[in-house]
$ cat upload05.cif   # mmCIF, C-alpha atoms and all ligand atoms
data_final
loop_
_atom_site.label_atom_id
_atom_site.label_comp_id
_atom_site.auth_asym_id
_atom_site.auth_seq_id
_atom_site.Cartn_x
_atom_site.Cartn_y
_atom_site.Cartn_z
CA MET Z 1 -113.22 149.05 4.99
CA LYS Z 2 -112.81 147.49 1.59
CA ILE Z 3 -116.14 146.70 -0.04
CA THR Z 4 -115.91 143.53 -2.05
CA SER Z 5 -119.63 143.01 -2.53
CA ALA Z 6 -122.88 144.83 -1.81
CA GLU Z 7 -126.18 143.41 -2.88
CA PHE Z 8 -129.84 144.04 -2.26
CA CYS Z 9 -131.15 141.13 -0.25
CA LYS Z 10 -134.82 141.81 0.46
CA SER Z 11 -137.52 144.29 1.41
CA ALA Z 12 -139.57 143.16 4.38
CA PHE Z 13 -143.02 144.42 5.32
CA GLU Z 14 -143.20 142.17 8.39
CA SER Z 15 -140.78 140.71 10.90
CA ALA Z 16 -141.31 137.17 9.60
CA HIS Z 17 -139.40 138.25 6.50
CA TRP Z 18 -136.29 139.57 8.22
CA PRO Z 19 -133.10 137.58 7.48
CA VAL Z 20 -132.55 134.65 9.80
CA ASP Z 21 -128.83 134.03 9.27
CA GLY Z 22 -127.82 136.09 12.32
CA ARG Z 23 -125.24 138.28 10.57
CA PRO Z 24 -124.75 141.64 12.36
CA GLU Z 25 -126.75 144.62 11.13
CA ILE Z 26 -126.13 148.35 10.80
CA ALA Z 27 -129.41 150.29 10.70
CA PHE Z 28 -130.09 153.73 9.21
CA LEU Z 29 -132.74 155.77 11.01
CA GLY Z 30 -134.19 159.22 10.61
CA ARG Z 31 -137.07 161.23 9.31
CA SER Z 32 -138.28 160.89 5.75
CA ASN Z 33 -136.10 162.59 3.19
CA VAL Z 34 -133.18 163.17 5.59
CA GLY Z 35 -130.91 161.09 3.33
CA LYS Z 36 -130.82 157.54 4.76
CA SER Z 37 -130.80 155.75 1.42
CA SER Z 38 -128.31 158.28 0.01
CA LEU Z 39 -125.94 157.75 2.94
CA LEU Z 40 -126.12 154.01 2.49
CA ASN Z 41 -125.33 154.33 -1.23
CA SER Z 42 -122.58 156.85 -0.61
CA LEU Z 43 -120.84 154.64 1.97
CA LEU Z 44 -120.81 151.85 -0.59
CA HIS Z 45 -119.92 154.03 -3.60
CA ARG Z 46 -123.03 152.60 -5.24
CA LYS Z 47 -125.37 155.24 -6.62
CA GLY Z 48 -128.57 153.31 -7.17
CA LEU Z 49 -128.39 150.43 -4.71
CA ALA Z 50 -130.92 151.84 -2.23
CA ARG Z 51 -133.68 153.82 -3.87
CA THR Z 52 -133.54 157.54 -3.19
CA SER Z 53 -136.21 160.04 -3.98
CA ASN Z 54 -137.30 163.64 -3.78
CA THR Z 55 -140.67 162.37 -2.60
CA PRO Z 56 -140.48 161.90 1.16
CA GLY Z 57 -141.73 158.61 2.51
CA ARG Z 58 -140.51 156.57 -0.42
CA THR Z 59 -138.92 153.80 1.62
CA GLN Z 60 -141.93 152.04 3.14
CA SER Z 61 -140.50 148.69 4.09
CA ILE Z 62 -137.31 147.57 5.81
CA SER Z 63 -134.66 146.84 3.19
CA PHE Z 64 -131.69 144.59 3.83
CA PHE Z 65 -128.43 144.85 1.87
CA LEU Z 66 -125.77 142.20 2.33
CA ILE Z 67 -122.26 143.67 2.44
CA ASN Z 68 -119.07 141.63 1.91
CA ASP Z 69 -121.17 138.57 2.61
CA SER Z 70 -120.66 139.32 6.30
CA PHE Z 71 -123.05 142.02 7.57
CA TYR Z 72 -126.22 143.87 6.58
CA PHE Z 73 -127.05 147.50 6.00
CA VAL Z 74 -130.68 148.01 6.99
CA ASP Z 75 -132.62 150.88 5.44
CA LEU Z 76 -135.57 151.69 7.69
CA PRO Z 77 -138.64 153.71 6.72
CA GLY Z 78 -138.48 157.38 7.64
CA TYR Z 79 -140.63 158.89 10.35
CA GLY Z 80 -142.48 162.15 10.53
CA PHE Z 81 -143.85 162.37 7.04
CA ALA Z 82 -147.32 163.87 7.27
CA LYS Z 83 -148.74 163.11 3.87
CA VAL Z 84 -149.55 159.45 4.46
CA SER Z 85 -152.60 158.18 6.29
CA LYS Z 86 -152.53 157.93 10.08
CA THR Z 87 -152.71 154.14 10.13
CA MET Z 88 -149.90 153.83 7.67
CA ARG Z 89 -147.86 156.23 9.72
CA SER Z 90 -148.27 154.21 12.88
CA ASP Z 91 -147.55 150.99 10.99
CA TRP Z 92 -144.25 152.43 9.92
CA GLY Z 93 -143.43 153.54 13.41
CA LYS Z 94 -144.40 150.20 14.81
CA MET Z 95 -142.36 148.25 12.32
CA ALA Z 96 -139.25 150.34 12.97
CA GLU Z 97 -139.78 150.20 16.72
CA ASP Z 98 -140.27 146.43 16.63
CA TYR Z 99 -137.09 146.13 14.67
CA LEU Z 100 -135.09 148.36 17.03
CA SER Z 101 -136.36 146.80 20.21
CA GLN Z 102 -136.28 143.15 19.12
CA ARG Z 103 -133.35 142.77 16.84
CA GLU Z 104 -130.52 141.02 18.64
CA GLN Z 105 -128.04 141.22 15.77
CA LEU Z 106 -128.37 145.01 15.56
CA ALA Z 107 -124.74 146.10 16.02
CA LEU Z 108 -125.10 149.85 15.40
CA SER Z 109 -127.91 152.33 14.77
CA ILE Z 110 -126.99 155.31 12.67
CA GLN Z 111 -129.39 158.16 13.41
CA LEU Z 112 -129.50 160.79 10.71
CA VAL Z 113 -130.41 164.41 11.31
CA ASP Z 114 -130.43 167.26 8.80
CA SER Z 115 -127.38 169.44 9.40
CA ARG Z 116 -129.37 172.52 8.35
CA HIS Z 117 -131.98 172.26 11.07
CA LYS Z 118 -132.25 171.90 14.79
CA PRO Z 119 -133.25 168.27 15.50
CA SER Z 120 -137.03 167.90 15.59
CA GLN Z 121 -139.14 166.54 18.44
CA LEU Z 122 -139.24 163.17 16.68
CA ASP Z 123 -135.45 163.19 16.24
CA LEU Z 124 -135.07 163.86 19.94
CA GLN Z 125 -137.59 161.15 20.84
CA LEU Z 126 -135.69 158.58 18.85
CA HIS Z 127 -132.42 159.81 20.31
CA GLU Z 128 -133.75 159.49 23.87
CA TRP Z 129 -135.11 156.05 23.09
CA LEU Z 130 -131.66 154.91 21.87
CA GLU Z 131 -130.01 156.35 24.97
CA PHE Z 132 -132.57 154.92 27.37
CA ASN Z 133 -132.33 151.48 25.83
CA GLN Z 134 -128.53 151.66 25.82
CA LYS Z 135 -128.23 150.99 22.11
CA ALA Z 136 -124.95 151.45 20.29
CA TYR Z 137 -125.60 154.41 18.01
CA LEU Z 138 -124.00 157.20 16.07
CA VAL Z 139 -125.52 160.50 14.93
CA VAL Z 140 -124.82 161.61 11.37
CA ALA Z 141 -125.70 165.15 10.29
CA THR Z 142 -126.52 164.93 6.58
CA LYS Z 143 -126.50 167.33 3.64
CA SER Z 144 -123.50 169.26 5.00
CA ASP Z 145 -122.68 170.36 1.44
CA LYS Z 146 -125.69 172.67 1.61
CA LEU Z 147 -124.02 174.81 4.28
CA SER Z 148 -120.96 177.03 4.31
CA SER Z 149 -118.25 175.84 6.67
CA ASN Z 150 -119.15 178.61 9.17
CA GLU Z 151 -122.79 177.67 9.10
CA LEU Z 152 -121.92 174.00 9.48
CA THR Z 153 -119.76 174.68 12.54
CA LYS Z 154 -122.63 176.63 14.06
CA GLN Z 155 -125.17 173.95 13.28
CA MET Z 156 -122.97 171.17 14.64
CA ARG Z 157 -122.88 173.09 17.93
CA VAL Z 158 -126.66 173.30 17.92
CA ILE Z 159 -126.96 169.54 17.36
CA ASP Z 160 -124.32 168.80 20.01
CA SER Z 161 -126.20 170.96 22.49
CA VAL Z 162 -129.42 168.95 22.22
CA MET Z 163 -127.68 165.57 21.89
CA PRO Z 164 -124.77 166.07 24.30
CA GLU Z 165 -124.15 162.35 24.92
CA SER Z 166 -123.71 161.56 21.25
CA ARG Z 167 -120.91 161.50 18.82
CA VAL Z 168 -122.04 163.54 15.79
CA ILE Z 169 -120.36 163.22 12.40
CA SER Z 170 -121.22 165.64 9.60
CA TYR Z 171 -121.73 164.02 6.22
CA SER Z 172 -122.34 164.81 2.59
CA SER Z 173 -123.62 162.07 0.37
CA GLN Z 174 -122.83 164.32 -2.55
CA THR Z 175 -119.12 164.69 -1.84
CA GLY Z 176 -118.53 161.73 0.50
CA LYS Z 177 -117.23 164.03 3.23
CA GLY Z 178 -117.37 162.11 6.52
CA ARG Z 179 -117.18 158.70 4.87
CA ASP Z 180 -114.01 157.53 6.64
CA ALA Z 181 -115.30 158.57 10.07
CA VAL Z 182 -118.60 156.73 9.58
CA TRP Z 183 -116.84 153.62 8.28
CA SER Z 184 -114.48 153.53 11.23
CA ALA Z 185 -117.46 153.66 13.62
CA ILE Z 186 -119.10 150.83 11.67
CA ALA Z 187 -115.93 148.74 11.69
CA LYS Z 188 -115.60 149.24 15.43
CA ALA Z 189 -119.22 148.19 16.02
CA LEU Z 190 -118.68 145.05 13.95
CA SER Z 191 -115.44 144.01 15.62
N1 LIG Z 201 -127.16 167.96 -1.38
C1 LIG Z 201 -127.41 166.80 -0.78
N2 LIG Z 201 -128.58 166.16 -1.02
C2 LIG Z 201 -128.81 164.99 -0.37
C3 LIG Z 201 -127.86 164.44 0.55
N3 LIG Z 201 -128.38 163.29 1.05
C4 LIG Z 201 -129.60 163.14 0.46
N4 LIG Z 201 -129.86 164.16 -0.39
C5 LIG Z 201 -131.09 164.34 -1.20
O1 LIG Z 201 -132.22 164.32 -0.34
C6 LIG Z 201 -133.31 163.62 -0.94
C7 LIG Z 201 -133.77 162.48 -0.05
O2 LIG Z 201 -132.73 161.51 0.06
P1 LIG Z 201 -133.03 159.98 0.41
O3 LIG Z 201 -131.71 159.33 0.57
O4 LIG Z 201 -134.00 159.39 -0.54
O5 LIG Z 201 -133.74 160.15 1.84
P2 LIG Z 201 -134.37 159.02 2.78
O6 LIG Z 201 -134.04 159.42 4.17
O7 LIG Z 201 -133.90 157.68 2.35
O8 LIG Z 201 -135.92 159.22 2.51
P3 LIG Z 201 -137.12 158.17 2.76
O9 LIG Z 201 -136.71 156.86 2.18
O10 LIG Z 201 -138.26 158.81 2.07
O11 LIG Z 201 -137.34 158.11 4.24
C8 LIG Z 201 -132.82 163.15 -2.30
O12 LIG Z 201 -133.24 164.10 -3.26
C9 LIG Z 201 -131.30 163.16 -2.16
O13 LIG Z 201 -130.63 163.39 -3.37
C10 LIG Z 201 -126.62 165.15 0.78
O14 LIG Z 201 -125.74 164.76 1.56
N5 LIG Z 201 -126.47 166.32 0.06
MG MG Z 202 -134.98 156.02 1.78
#
$ encode --input "upload05.cif" --output "structure tokens" --more "lines below"
Ligand SMILES: Nc1nc2c(ncn2[C@@H]2O[C@H](COP(=O)(O)OP(=O)(O)OP(=O)(O)O)[C@@H](O)[C@H]2O)c(=O)[nH]1
Ligand SMILES: [Mg+2]
Amino acid sequence: MKITSAEFCKSAFESAHWPVDGRPEIAFLGRSNVGKSSLLNSLLHRKGLARTSNTPGRTQSISFFLINDSFYFVDLPGYGFAKVSKTMRSDWGKMAEDYLSQREQLALSIQLVDSRHKPSQLDLQLHEWLEFNQKAYLVVATKSDKLSSNELTKQMRVIDSVMPESRVISYSSQTGKGRDAVWSAIAKALS
């Protein structure tokens, strides 16, 4: 897909602040620090559009980015980061869950997992939730540049074995490997 424009639209801490124009949305989901904001930037060839950080739990609200004036990328807060207070943690979960369960214009959920690790309990919970609720989703295994090609092949098998129903694409936000495959899934979801 040719990107003609990509702009930050807003950060919402409550559902009343979500966009109301009805344009379709592509959401990025996964645990803190897995690389959601980096993937979003990498897909758009825009380094600093979504804020990335070495400090997990940085993205605390739902951020909306308007692409080509026709659809949104939605950067959701990460789950499973222990260092924040319990109430804050459940607020995050609740906000993301509200978004996922209520949002009619959600065209595709992109679930990120770390290619170096076996998906966690929380990854599997989210995955089962997406399956059970018959959401259109795609699994992206991030940080593939941190593995040798042998290790990556092995890890992709591990991920496939616990998420057998899913299509899994390996990705590197550092090199852009996997970009075309992710874009074609997005284009299909939007068409
Ligand atoms: N080598 C490598 N590093 C990556 C990749 N993707 C993300 N990172 C690094 O991982 C860290 C976290 O990335 P973010 O994109 O901020 O992660 P996030 O999922 O948005 O994190 P939260 O907003 O805290 O939930 C940053 O230091 C990134 O540079 C990748 O594909 N390869
Ligand atoms: Mg982020």
$ residues_around --input "upload05.cif" --residues "stretch 7-16 of chain Z" --least-positions-apart "3" --cutoff "12 Å" --atoms "all atoms listed in the file" --output "ChimeraX atom specification"
/Z:3-4,19-20,40-41,44,46,48-51,59-77,88,91-92,94-103
$ closest_residue --input "upload05.cif" --among "Z:Val168, Z:Leu124, Z:Ile26, Z:Leu43" --to "ligand LIG 201 (chain Z)" --atoms "all atoms listed in the file"
Z:Leu43
$ closest_residue --input "upload05.cif" --among "Z:Tyr171, Z:Phe132, Z:Tyr137, Z:Trp18" --to "ligand LIG 201 (chain Z)" --atoms "only C-alpha atoms and all ligand atoms"
Z:Tyr171
$ closest_residue --input "upload05.cif" --among "Z:Ser191, Z:Gln105, Z:Asn150, Z:Ser38" --to "ligand MG 202 (chain Z)" --atoms "only C-alpha atoms and all ligand atoms"
Z:Ser38
$ closest_residue --input "upload05.cif" --among "Z:Lys188, Z:His117, Z:His127, Z:Lys146" --to "ligand LIG 201 (chain Z)" --atoms "only C-alpha atoms and all ligand atoms"
Z:Lys146
$ residues_near_ligand --input "upload05.cif" --ligand "ligand LIG 201 (chain Z)" --cutoff "9 Å" --atoms "all atoms listed in the file" --output "ChimeraX atom specification"
/Z:28-42,50-60,75-79,81,112,114,141-146,171-177
$ closest_residue --input "upload05.cif" --among "Z:Ala27, Z:Asp123, Z:His17, Z:Asp160" --to "ligand MG 202 (chain Z)" --atoms "only C-alpha atoms and all ligand atoms"
Z:Ala27
$ atom_distance --input "upload05.cif" --atom1 "atom CA of Z:Leu138" --atom2 "atom CA of Z:Leu108"
7.5 Å
$ atom_distance --input "upload05.cif" --atom1 "atom CA of Z:Lys47" --atom2 "atom CA of Z:Ser166"
28.6 Å
$ atom_distance --input "upload05.cif" --atom1 "atom CA of Z:Ala187" --atom2 "atom CA of Z:Ala107"
10.2 Å
$ closest_residue --input "upload05.cif" --among "Z:Ser109, Z:Ser115, Z:Gln125, Z:Gln134" --to "Z:Ser170" --atoms "all atoms listed in the file"
Z:Ser115
$ decode --input "upload05.cif" --residues "stretch 34-164 of chain Z" --atoms "C-alpha atoms" --output "PDB file, in the first residue's frame"
ATOM      1  CA  VAL Z  34       6.773  -6.452  22.595  1.00  0.00           C
ATOM      2  CA  GLY Z  35       7.142  -3.799  19.882  1.00  0.00           C
ATOM      3  CA  LYS Z  36       3.633  -2.534  19.039  1.00  0.00           C
ATOM      4  CA  SER Z  37       4.602   1.098  18.559  1.00  0.00           C
ATOM      5  CA  SER Z  38       7.752   0.066  16.663  1.00  0.00           C
ATOM      6  CA  LEU Z  39       5.748  -2.131  14.289  1.00  0.00           C
ATOM      7  CA  LEU Z  40       3.325   0.696  13.632  1.00  0.00           C
ATOM      8  CA  ASN Z  41       6.189   3.087  12.862  1.00  0.00           C
ATOM      9  CA  SER Z  42       8.003   0.523  10.746  1.00  0.00           C
ATOM     10  CA  LEU Z  43       4.932  -0.202   8.609  1.00  0.00           C
ATOM     11  CA  LEU Z  44       4.643   3.509   7.912  1.00  0.00           C
ATOM     12  CA  HIS Z  45       8.384   4.151   7.476  1.00  0.00           C
ATOM     13  CA  ARG Z  46       8.002   6.799  10.155  1.00  0.00           C
ATOM     14  CA  LYS Z  47      10.482   6.472  13.000  1.00  0.00           C
ATOM     15  CA  GLY Z  48       8.984   8.659  15.679  1.00  0.00           C
ATOM     16  CA  LEU Z  49       5.267   8.715  14.917  1.00  0.00           C
ATOM     17  CA  ALA Z  50       4.229   6.374  17.738  1.00  0.00           C
ATOM     18  CA  ARG Z  51       6.354   6.733  20.839  1.00  0.00           C
ATOM     19  CA  THR Z  52       8.600   3.761  21.533  1.00  0.00           C
ATOM     20  CA  SER Z  53      10.538   3.139  24.683  1.00  0.00           C
ATOM     21  CA  ASN Z  54      12.837   0.809  26.545  1.00  0.00           C
ATOM     22  CA  THR Z  55      10.617   1.322  29.571  1.00  0.00           C
ATOM     23  CA  PRO Z  56       7.760  -1.166  29.348  1.00  0.00           C
ATOM     24  CA  GLY Z  57       4.283   0.199  29.869  1.00  0.00           C
ATOM     25  CA  ARG Z  58       4.978   3.499  28.177  1.00  0.00           C
ATOM     26  CA  THR Z  59       1.839   3.561  26.052  1.00  0.00           C
ATOM     27  CA  GLN Z  60      -0.909   4.086  28.628  1.00  0.00           C
ATOM     28  CA  SER Z  61      -3.758   5.351  26.509  1.00  0.00           C
ATOM     29  CA  ILE Z  62      -5.247   4.298  23.183  1.00  0.00           C
ATOM     30  CA  SER Z  63      -3.601   6.271  20.383  1.00  0.00           C
ATOM     31  CA  PHE Z  64      -5.210   6.790  17.005  1.00  0.00           C
ATOM     32  CA  PHE Z  65      -3.207   7.533  13.846  1.00  0.00           C
ATOM     33  CA  LEU Z  66      -5.029   8.504  10.677  1.00  0.00           C
ATOM     34  CA  ILE Z  67      -3.517   6.884   7.577  1.00  0.00           C
ATOM     35  CA  ASN Z  68      -4.154   8.097   4.006  1.00  0.00           C
ATOM     36  CA  ASP Z  69      -7.151   9.932   5.398  1.00  0.00           C
ATOM     37  CA  SER Z  70      -9.027   6.639   5.133  1.00  0.00           C
ATOM     38  CA  PHE Z  71      -8.296   4.324   8.086  1.00  0.00           C
ATOM     39  CA  TYR Z  72      -6.765   4.354  11.566  1.00  0.00           C
ATOM     40  CA  PHE Z  73      -3.882   2.531  13.166  1.00  0.00           C
ATOM     41  CA  VAL Z  74      -4.734   2.058  16.838  1.00  0.00           C
ATOM     42  CA  ASP Z  75      -1.902   1.632  19.333  1.00  0.00           C
ATOM     43  CA  LEU Z  76      -3.278  -0.076  22.434  1.00  0.00           C
ATOM     44  CA  PRO Z  77      -1.629  -0.189  25.849  1.00  0.00           C
ATOM     45  CA  GLY Z  78       0.415  -3.296  26.519  1.00  0.00           C
ATOM     46  CA  TYR Z  79      -0.646  -5.936  29.005  1.00  0.00           C
ATOM     47  CA  GLY Z  80       1.302  -7.903  31.536  1.00  0.00           C
ATOM     48  CA  PHE Z  81       3.610  -5.258  32.854  1.00  0.00           C
ATOM     49  CA  ALA Z  82       4.014  -5.848  36.571  1.00  0.00           C
ATOM     50  CA  LYS Z  83       5.555  -2.614  37.719  1.00  0.00           C
ATOM     51  CA  VAL Z  84       2.400  -0.513  37.713  1.00  0.00           C
ATOM     52  CA  SER Z  85      -0.209  -0.531  40.445  1.00  0.00           C
ATOM     53  CA  LYS Z  86      -2.952  -3.166  40.395  1.00  0.00           C
ATOM     54  CA  THR Z  87      -5.740  -0.691  39.736  1.00  0.00           C
ATOM     55  CA  MET Z  88      -3.876   0.875  36.880  1.00  0.00           C
ATOM     56  CA  ARG Z  89      -3.227  -2.549  35.458  1.00  0.00           C
ATOM     57  CA  SER Z  90      -6.887  -3.482  35.468  1.00  0.00           C
ATOM     58  CA  ASP Z  91      -7.822  -0.091  34.022  1.00  0.00           C
ATOM     59  CA  TRP Z  92      -5.558  -0.785  31.099  1.00  0.00           C
ATOM     60  CA  GLY Z  93      -6.997  -4.215  30.609  1.00  0.00           C
ATOM     61  CA  LYS Z  94     -10.503  -2.900  30.850  1.00  0.00           C
ATOM     62  CA  MET Z  95      -9.918  -0.121  28.376  1.00  0.00           C
ATOM     63  CA  ALA Z  96      -8.377  -2.473  25.821  1.00  0.00           C
ATOM     64  CA  GLU Z  97     -11.095  -5.061  26.376  1.00  0.00           C
ATOM     65  CA  ASP Z  98     -13.832  -2.435  26.023  1.00  0.00           C
ATOM     66  CA  TYR Z  99     -12.243  -1.316  22.817  1.00  0.00           C
ATOM     67  CA  LEU Z 100     -11.929  -4.851  21.404  1.00  0.00           C
ATOM     68  CA  SER Z 101     -15.394  -5.958  22.362  1.00  0.00           C
ATOM     69  CA  GLN Z 102     -17.285  -2.769  21.452  1.00  0.00           C
ATOM     70  CA  ARG Z 103     -15.569  -1.315  18.465  1.00  0.00           C
ATOM     71  CA  GLU Z 104     -17.619  -1.956  15.358  1.00  0.00           C
ATOM     72  CA  GLN Z 105     -15.169  -0.379  12.926  1.00  0.00           C
ATOM     73  CA  LEU Z 106     -12.341  -2.662  14.087  1.00  0.00           C
ATOM     74  CA  ALA Z 107     -11.319  -4.301  10.795  1.00  0.00           C
ATOM     75  CA  LEU Z 108      -8.257  -6.249  11.962  1.00  0.00           C
ATOM     76  CA  SER Z 109      -6.459  -6.961  15.243  1.00  0.00           C
ATOM     77  CA  ILE Z 110      -2.750  -7.521  14.956  1.00  0.00           C
ATOM     78  CA  GLN Z 111      -1.562  -9.543  17.942  1.00  0.00           C
ATOM     79  CA  LEU Z 112       2.153  -9.268  18.576  1.00  0.00           C
ATOM     80  CA  VAL Z 113       4.215 -11.937  20.278  1.00  0.00           C
ATOM     81  CA  ASP Z 114       7.963 -11.957  20.881  1.00  0.00           C
ATOM     82  CA  SER Z 115       9.593 -14.324  18.401  1.00  0.00           C
ATOM     83  CA  ARG Z 116      12.223 -15.245  21.003  1.00  0.00           C
ATOM     84  CA  HIS Z 117       9.804 -16.651  23.536  1.00  0.00           C
ATOM     85  CA  LYS Z 118       6.991 -19.117  23.796  1.00  0.00           C
ATOM     86  CA  PRO Z 119       3.741 -17.094  23.977  1.00  0.00           C
ATOM     87  CA  SER Z 120       2.844 -16.297  27.587  1.00  0.00           C
ATOM     88  CA  GLN Z 121      -0.381 -17.165  29.398  1.00  0.00           C
ATOM     89  CA  LEU Z 122      -1.640 -13.635  28.716  1.00  0.00           C
ATOM     90  CA  ASP Z 123      -0.748 -13.941  25.016  1.00  0.00           C
ATOM     91  CA  LEU Z 124      -2.718 -17.171  24.866  1.00  0.00           C
ATOM     92  CA  GLN Z 125      -5.656 -15.645  26.740  1.00  0.00           C
ATOM     93  CA  LEU Z 126      -5.876 -12.798  24.279  1.00  0.00           C
ATOM     94  CA  HIS Z 127      -5.492 -15.214  21.392  1.00  0.00           C
ATOM     95  CA  GLU Z 128      -8.325 -17.411  22.690  1.00  0.00           C
ATOM     96  CA  TRP Z 129     -10.485 -14.352  23.234  1.00  0.00           C
ATOM     97  CA  LEU Z 130      -9.961 -13.268  19.600  1.00  0.00           C
ATOM     98  CA  GLU Z 131     -10.771 -16.768  18.370  1.00  0.00           C
ATOM     99  CA  PHE Z 132     -13.809 -17.179  20.594  1.00  0.00           C
ATOM    100  CA  ASN Z 133     -15.215 -13.819  19.567  1.00  0.00           C
ATOM    101  CA  GLN Z 134     -14.508 -14.558  15.909  1.00  0.00           C
ATOM    102  CA  LYS Z 135     -12.432 -11.433  15.391  1.00  0.00           C
ATOM    103  CA  ALA Z 136     -10.382 -10.934  12.259  1.00  0.00           C
ATOM    104  CA  TYR Z 137      -6.807 -11.085  13.505  1.00  0.00           C
ATOM    105  CA  LEU Z 138      -3.244 -11.750  12.526  1.00  0.00           C
ATOM    106  CA  VAL Z 139      -0.317 -12.825  14.717  1.00  0.00           C
ATOM    107  CA  VAL Z 140       2.994 -11.051  14.205  1.00  0.00           C
ATOM    108  CA  ALA Z 141       6.154 -12.437  15.827  1.00  0.00           C
ATOM    109  CA  THR Z 142       8.376  -9.429  16.507  1.00  0.00           C
ATOM    110  CA  LYS Z 143      12.099  -8.847  16.963  1.00  0.00           C
ATOM    111  CA  SER Z 144      13.017 -11.595  14.492  1.00  0.00           C
ATOM    112  CA  ASP Z 145      16.343  -9.835  13.866  1.00  0.00           C
ATOM    113  CA  LYS Z 146      17.439 -10.984  17.319  1.00  0.00           C
ATOM    114  CA  LEU Z 147      17.430 -14.632  16.214  1.00  0.00           C
ATOM    115  CA  SER Z 148      19.471 -16.613  13.716  1.00  0.00           C
ATOM    116  CA  SER Z 149      17.425 -18.011  10.856  1.00  0.00           C
ATOM    117  CA  ASN Z 150      17.596 -21.517  12.391  1.00  0.00           C
ATOM    118  CA  GLU Z 151      16.415 -20.260  15.735  1.00  0.00           C
ATOM    119  CA  LEU Z 152      13.647 -18.271  14.083  1.00  0.00           C
ATOM    120  CA  THR Z 153      12.389 -21.316  12.184  1.00  0.00           C
ATOM    121  CA  LYS Z 154      12.341 -23.253  15.440  1.00  0.00           C
ATOM    122  CA  GLN Z 155      10.552 -20.500  17.317  1.00  0.00           C
ATOM    123  CA  MET Z 156       7.954 -20.041  14.580  1.00  0.00           C
ATOM    124  CA  ARG Z 157       7.127 -23.737  14.975  1.00  0.00           C
ATOM    125  CA  VAL Z 158       6.721 -23.251  18.707  1.00  0.00           C
ATOM    126  CA  ILE Z 159       4.345 -20.319  18.158  1.00  0.00           C
ATOM    127  CA  ASP Z 160       2.413 -22.220  15.475  1.00  0.00           C
ATOM    128  CA  SER Z 161       2.008 -25.158  17.827  1.00  0.00           C
ATOM    129  CA  VAL Z 162       0.264 -23.110  20.528  1.00  0.00           C
ATOM    130  CA  MET Z 163      -1.695 -20.932  18.075  1.00  0.00           C
ATOM    131  CA  PRO Z 164      -2.527 -23.514  15.393  1.00  0.00           C
TER     132      PRO Z 164
END
